[in-house]
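Asker: Handing you this structure, nothing more for now.
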Amino acid sequence: MRNRPWVAVLLGLGASCTLAPERLPPYGQVVVHVDTDLPAPAIAGRVRIDLFDASGRWFDSRDLARPNPDDWPLSFGVWVQEDESRDVWVRLRAYPEGKLRDYRGERYQDWPDVLSGPAEGGGEPRLIRDGEDITPTTEPEPLVTVDRLVLLRIPREEKRNAVIVLHGACSGTMVHMAKASERGPAYGEAMSCVDAAETRELVEPWPLVEQVPAGEPLGGSWNHQPCDAESEDDRACIPGGAMLLGSRRLLMADFAYAAPERLVALDRFWIDRQEVSVGDFRAALSEGFTPPALPKVGDDPLPDDKLERCTFTSVAADRESYPLNCVTWETARAYCRFRGGELPTEAQWEFVATTSGHPRKVPYPWGEDEPNCESVVFNREPFDTPAFCEAQGPGPVPIGVGNVQDESPRGVTDLAGGLAEWTLDVGLPYADPCWAERIVNPSCAQSDIQDRSVRGGSWSSPMPMLVGTFRSALPARATASFVGFRCVKGAM
Amino acid sequence: MRRALGLTFFALLASGACGQEALPPEGQVVLHVTTDTRLPLGAGQQADRALFDRLSIEVFPSGAGEPCEGCTREFALDAELVDKGQASVGIVPPAGVGEVRVRVRMFRAALDAPAPRAASTVEQVVRLPAIKADAVQHVTVTLLTEDVGVPRGTLESPEEAVLGVPASGLVGTWAGVAPTTCAGEAGPDEVCIPGGAFWMGDPSLDFTGVADVQGGAERLVVLSPYFLDLTEVTVGAFRASGLAEPPGTLATGNPLPAAPGDWCTYREIAGEYDALPVNCLTWRMARAYCESVGKRLPTEAEFEFAASKLGTSSYVWGEEMPDCEDAIHDRRATGRCGAGGPEFVGSGVRDRLFIDGREVLDLAGNIMEFAQDFWQLDDEPCWGTPGVLWDPSCEEPSALDQIGRSVRGGDFSDPPVFLRAAPRTYIPGESKSAKAMVGFRCARSGAHR
């Protein structure tokens, strides 16, 4: 009795079979092979294909789901009949499932304008077939899309291949089809990113090959920097990779700053598994650290006024294992630099809290489940609404107490609850041009702005503030009993 | 007309396998999937009104609670694929294995939260027939829209697989997607909203912990046709009804309001305020007005169907966040759109549903609107019962929250998220005056009797 492994037993089904090979037209054609270095399907979950003829007329549009990791690379054939012009423009867009905006016509935008919301559009060009307007009503959101235009010169009576890679580095860099916004691609005007961030090249006929070179699929290779044996006990190593930064859903009240969503990448870094404790800080003082300002002292016992519950004591007492709060941004940053590190950027913080170690972006460090009062330290005080977790008693609490749920797959704790945490960046909306400077290791930390971003919830925050994409800001000189910090270190 | 240019899809699966010819000739089961629901028309075509668009197939070896290695796959579903009998997979277990179970799930992926969710999944777990060496056996799984949210079979007690290949022509035959139009003609101030099936609620919105807001849970709703007023009821219309008598029945607001709640629009003397939507009234007064003109308040589902462009978009205009001129909203101290209150009806440039040559105005912004329904939370019986809801109308007050009546749509002080079609909230009581953020419009049934 033979025994075959349970591998790849599911075969068939899918668009592959809608047009069988024997039905291919006899004309010359180009088989387009498309791969991407984005993680799939978490980010490259769909691909949009738009075809334009040599005159720039739009003649087809498809939008295909790519729900399995091995759905990339994908291939399709493009053909023209004899005696026709032999050029076809192909626009390819890889993007995450569901990330669409309204199609209101061609709306080309350059950096950093693309951050601040879509331009007006005149509704053109249109996709007309057999006299009917079948223009799709939506299109991929440019900031989470890798957008690519190629020009194919179809050979006569032959089959050739075009091999195209959609590079994450091109995310947010839109194709510029023509100077006139109401038409499709034009010779000498059409420009597309190829593989360098925020750079477009004039689109020339793409080289065709007889054989498709063999190679491994590229999925997830954009800025992939694995962690090897260099992990440290008190710092978790976070592999470099791609992420969706921000949320277009968090638009509540004054918390509009998490939009727009963007596709970015981060280099590998190391992050403290725990928030910096009173004992950690005191140890640094004894090693010669001179902070710009000492944390506010809250000697025993912690007072009833929640704003005055500062954990630092003037001499070592029974709160050395509490997370340090009531500390200015300058002091927090000076501590991290004294330890040879830095405060995390917002993107680093959000990557750990929502993405790293998960198959797709999740709301909480541990995943999708809602936090519960016994295992995440949050909402122990009224905050506009009654305290949801009042029964757990007041906060703050020592590190490691009542937080078993609040741990990311990389072993980083108290990102959702415990204390909110200072980050390196200033508290400007993501639509600010400051955020457009780079898509790898994005940061907006200019020194002339004094508000600094605070991320994560605290012992006092209600549940919506525990979501990993939530942002708020405080003046850098402020001290608060619900704000502490942790540090990161870059590549070593 | 000749098509001179073409696009051909093939070998989309990385395996390169296409159809059964790629399968080994030995013992195997070909599992076919068919359904009566509305699907995208063809591969890669826009799926605006499709109810489902994704299929997940998982194979479980005997005794296992998890699928075997490499035995999980998702597929984009479309009508062409199912109609041609090509929605099938070959399952080739190793020889000599025991019971093989397959979980087949059809769900909604084309939104900002692509994982299968129980409330929008049609699920069947079947046991395959014993594998016969050197024979191909065909089984068919038929996924019925009516089974949404209620799985057939479990891993512990699977259904027996039905032998044979599916009959064609089933796609789109579910009664809920049959087109329906209104009986009778629309009056000059209303429009016929045709009946149809749509997903109420938006699972990509998370209102967890946000007081008094719901709408993050989804359920499949079928509506009969109805007539909906083009505008919210105005100050002028309400005064003309006589329901604002005697003077003082309705608050008239401050000339220079300091807080959003003080923007009451009613005036006892006719004038420029007449074109503003009337507000600061009770649910009972709103209901009385609609009854006085032979109508009723719309149900929550009727409001949401219209406000979501018949179930095809997040906002009445599409997917984009509004600018200040697009819809009247975000007017408050910390908002983006300055100070101010309600505007004349139809002031939002994009706040309009275009249908049948007419425009339904202010469904997204300006002021919220009373619905006919009692308020219940998403997971209470009115909305949380699994399965399809036909013409839902909530007749029982909440057992877990305050007693009140639902209000829908956004108002002039709301941030953009509340202008979406899905969020729901309420006004406690029925005879307590709502503040300036709430008005109403009327509706009436268009169903054939």
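Chains: A, B, ... in order of the structure tokens. Residues: from 1 per chain. Ligands: from 1, in order shown.
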So which residues touch B:Phe354 within 12 Å, counting only C-alpha atoms, skipping near sequence neighbours fewer than 2 positions away, as JSON, numbers by chain?

Answerer: {"B": [191, 192, 193, 230, 306, 307, 308, 309, 310, 316, 317, 318, 350, 351, 352, 356, 357, 358, 359, 360, 361, 362, 363]}

Asker: With N, CA and C atoms retained, export the selected residues as an mmCIF file, in the first residue's frame.

Answerer:
data_model
loop_
_atom_site.group_PDB
_atom_site.id
_atom_site.type_symbol
_atom_site.label_atom_id
_atom_site.label_comp_id
_atom_site.auth_asym_id
_atom_site.auth_seq_id
_atom_site.Cartn_x
_atom_site.Cartn_y
_atom_site.Cartn_z
ATOM 1 N N VAL B 191 -39.567 58.369 -3.909
ATOM 2 C CA VAL B 191 -39.078 57.553 -5.012
ATOM 3 C C VAL B 191 -39.235 56.090 -4.618
ATOM 4 N N CYS B 192 -39.389 55.230 -5.616
ATOM 5 C CA CYS B 192 -39.474 53.796 -5.341
ATOM 6 C C CYS B 192 -38.068 53.242 -5.159
ATOM 7 N N ILE B 193 -37.839 52.603 -4.030
ATOM 8 C CA ILE B 193 -36.599 51.855 -3.827
ATOM 9 C C ILE B 193 -36.958 50.388 -4.100
ATOM 10 N N LEU B 230 -37.890 61.928 -0.567
ATOM 11 C CA LEU B 230 -36.633 62.449 -1.111
ATOM 12 C C LEU B 230 -35.880 63.292 -0.087
ATOM 13 N N ALA B 306 -31.034 52.233 1.436
ATOM 14 C CA ALA B 306 -30.933 53.443 0.620
ATOM 15 C C ALA B 306 -29.593 54.139 0.852
ATOM 16 N N ALA B 307 -29.178 54.257 2.111
ATOM 17 C CA ALA B 307 -27.967 55.004 2.448
ATOM 18 C C ALA B 307 -26.699 54.297 1.992
ATOM 19 N N SER B 308 -26.796 53.003 1.679
ATOM 20 C CA SER B 308 -25.624 52.270 1.192
ATOM 21 C C SER B 308 -25.697 52.098 -0.325
ATOM 22 N N LYS B 309 -26.453 52.939 -0.997
ATOM 23 C CA LYS B 309 -26.614 52.843 -2.456
ATOM 24 C C LYS B 309 -27.047 51.424 -2.812
ATOM 25 N N LEU B 310 -28.131 51.005 -2.184
ATOM 26 C CA LEU B 310 -28.705 49.664 -2.383
ATOM 27 C C LEU B 310 -27.692 48.561 -2.082
ATOM 28 N N VAL B 316 -23.273 56.879 1.010
ATOM 29 C CA VAL B 316 -24.280 56.948 -0.054
ATOM 30 C C VAL B 316 -23.632 57.282 -1.396
ATOM 31 N N TRP B 317 -22.467 57.952 -1.356
ATOM 32 C CA TRP B 317 -21.796 58.310 -2.620
ATOM 33 C C TRP B 317 -20.726 57.311 -3.016
ATOM 34 N N GLY B 318 -20.300 56.425 -2.156
ATOM 35 C CA GLY B 318 -19.222 55.506 -2.502
ATOM 36 C C GLY B 318 -18.371 55.177 -1.298
ATOM 37 N N ARG B 350 -22.450 65.827 -2.337
ATOM 38 C CA ARG B 350 -22.451 64.407 -2.714
ATOM 39 C C ARG B 350 -23.421 63.573 -1.868
ATOM 40 N N ASP B 351 -24.150 64.246 -0.980
ATOM 41 C CA ASP B 351 -25.039 63.507 -0.072
ATOM 42 C C ASP B 351 -26.369 63.253 -0.755
ATOM 43 N N ARG B 352 -26.347 62.449 -1.825
ATOM 44 C CA ARG B 352 -27.562 62.188 -2.591
ATOM 45 C C ARG B 352 -27.502 60.814 -3.237
ATOM 46 N N ASP B 356 -33.705 56.325 -10.317
ATOM 47 C CA ASP B 356 -34.929 56.502 -11.075
ATOM 48 C C ASP B 356 -35.136 57.967 -11.476
ATOM 49 N N GLY B 357 -34.044 58.655 -11.799
ATOM 50 C CA GLY B 357 -34.146 60.049 -12.228
ATOM 51 C C GLY B 357 -34.373 61.045 -11.103
ATOM 52 N N ARG B 358 -34.364 60.554 -9.875
ATOM 53 C CA ARG B 358 -34.566 61.462 -8.731
ATOM 54 C C ARG B 358 -33.387 61.377 -7.769
ATOM 55 N N GLU B 359 -33.363 62.276 -6.785
ATOM 56 C CA GLU B 359 -32.280 62.304 -5.804
ATOM 57 C C GLU B 359 -32.853 62.228 -4.399
ATOM 58 N N VAL B 360 -32.399 61.252 -3.642
ATOM 59 C CA VAL B 360 -32.755 61.177 -2.221
ATOM 60 C C VAL B 360 -31.655 61.914 -1.463
ATOM 61 N N LEU B 361 -32.027 62.951 -0.715
ATOM 62 C CA LEU B 361 -31.055 63.888 -0.153
ATOM 63 C C LEU B 361 -30.787 63.640 1.331
ATOM 64 N N ASP B 362 -29.569 63.944 1.757
ATOM 65 C CA ASP B 362 -29.214 64.030 3.180
ATOM 66 C C ASP B 362 -29.362 62.719 3.943
ATOM 67 N N LEU B 363 -29.112 61.600 3.295
ATOM 68 C CA LEU B 363 -29.127 60.339 4.037
ATOM 69 C C LEU B 363 -27.885 60.210 4.906
#

Asker: Taking only C-alpha atoms into account, which of A:Arg273, A:Arg248, A:Arg107, A:Arg183 comes nearest chain B?

Answerer: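 Looking at the shortest contact to chain B, the residue is A:Arg248.
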
Asker: Residues at most 10 Å from B:Glu156, counting only C-alpha atoms, excluding those fewer than 6 positions away in the same chain, as an MDAnalysis selection string?

Answerer: chainID B and resid 63:65 101 125

Asker: Can you pull out the residues contacting B:Leu163? Cut-off 8 Å, using only C-alpha atoms, and skip same-chain residues under 3 positions away; I want them as a VMD selection string.

Answerer: chain B and resid 137 to 140

Asker: Write out, as an mmCIF file, in the first residue's frame, the residues just selected, with N, CA and C atoms.

Answerer:
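Dumped everything to out.cif:
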data_model
loop_
_atom_site.group_PDB
_atom_site.id
_atom_site.type_symbol
_atom_site.label_atom_id
_atom_site.label_comp_id
_atom_site.auth_asym_id
_atom_site.auth_seq_id
_atom_site.Cartn_x
_atom_site.Cartn_y
_atom_site.Cartn_z
ATOM 1 N N GLN B 137 -14.768 9.363 -8.244
ATOM 2 C CA GLN B 137 -16.135 9.537 -7.759
ATOM 3 C C GLN B 137 -16.439 11.024 -7.707
ATOM 4 N N HIS B 138 -17.663 11.381 -8.060
ATOM 5 C CA HIS B 138 -18.059 12.784 -8.041
ATOM 6 C C HIS B 138 -19.032 13.026 -6.892
ATOM 7 N N VAL B 139 -18.794 14.073 -6.143
ATOM 8 C CA VAL B 139 -19.760 14.478 -5.112
ATOM 9 C C VAL B 139 -20.050 15.963 -5.293
ATOM 10 N N THR B 140 -21.230 16.374 -4.830
ATOM 11 C CA THR B 140 -21.650 17.765 -5.003
ATOM 12 C C THR B 140 -22.060 18.363 -3.667
#

Asker: Select from stretch 129-310 of chain B everything DSSP, run on the backbone, classes as alpha helix (DSSP H), then give the selection as a PyMOL selection string.

Answerer: chain B and resi 235-240+283-292+300-307

Asker: Would you output that residue set with C-alpha atoms, as a CSV table (one decimal), in the first residue's frame?

Answerer:
chain,number,residue,atom,x,y,z
B,235,VAL,CA,-40.0,73.1,9.1
B,236,GLY,CA,-42.5,74.4,6.6
B,237,ALA,CA,-44.1,71.0,6.0
B,238,PHE,CA,-44.3,70.2,9.7
B,239,ARG,CA,-45.9,73.6,10.5
B,240,ALA,CA,-48.4,73.0,7.7
B,283,TRP,CA,-40.4,59.9,18.0
B,284,ARG,CA,-44.1,60.0,18.6
B,285,MET,CA,-44.4,63.4,16.9
B,286,ALA,CA,-42.4,62.1,13.9
B,287,ARG,CA,-44.6,59.0,13.7
B,288,ALA,CA,-47.8,61.1,13.9
B,289,TYR,CA,-46.6,63.3,11.1
B,290,CYS,CA,-46.0,60.4,8.8
B,291,GLU,CA,-49.3,58.8,9.7
B,292,SER,CA,-51.0,62.2,8.9
B,300,GLU,CA,-33.7,50.7,10.0
B,301,ALA,CA,-33.1,48.2,7.2
B,302,GLU,CA,-34.9,50.5,4.7
B,303,PHE,CA,-32.8,53.4,5.7
B,304,GLU,CA,-29.6,51.5,5.5
B,305,PHE,CA,-30.4,50.0,2.1
B,306,ALA,CA,-30.9,53.4,0.6
B,307,ALA,CA,-28.0,55.0,2.4

Asker: Quick one: residues within 7 Å of A:Arg486, only C-alpha atoms, excluding same-chain residues fewer than 4 positions away - as a list in words?

Answerer: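 Those residues are Asp272, Gln274, Glu275, Val276, Leu343 and Glu421 of chain A.
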
Asker: Could the residues in this selection be saved with C-alpha atoms as a PDB file, in the first residue's frame?

Answerer:
ATOM      1  CA  ASP A 272      12.133  46.076  24.973  1.00  0.00           C
ATOM      2  CA  GLN A 274       8.504  45.306  28.860  1.00  0.00           C
ATOM      3  CA  GLU A 275       7.908  48.926  29.658  1.00  0.00           C
ATOM      4  CA  VAL A 276      10.841  50.592  31.454  1.00  0.00           C
ATOM      5  CA  LEU A 343      12.448  55.651  21.482  1.00  0.00           C
ATOM      6  CA  GLU A 421       4.037  54.939  25.664  1.00  0.00           C
TER       7      GLU A 421
END

Asker: So which bits of stretch 113-353 of chain B end up strand (DSSP E or B) when you DSSP the backbone, as a ChimeraX atom specification?

Answerer: /B:121-127,136-143,152,159-160,162-163,190-193,196-200,214,219-223,226-229,234,277,296,315,318,352-353

Asker: Could you pull the residues within 6 Å of A:Leu64, counting only C-alpha atoms, minus those fewer than 2 positions along the same chain, as a ChimeraX atom specification?

Answerer: /A:46-47 /B:44
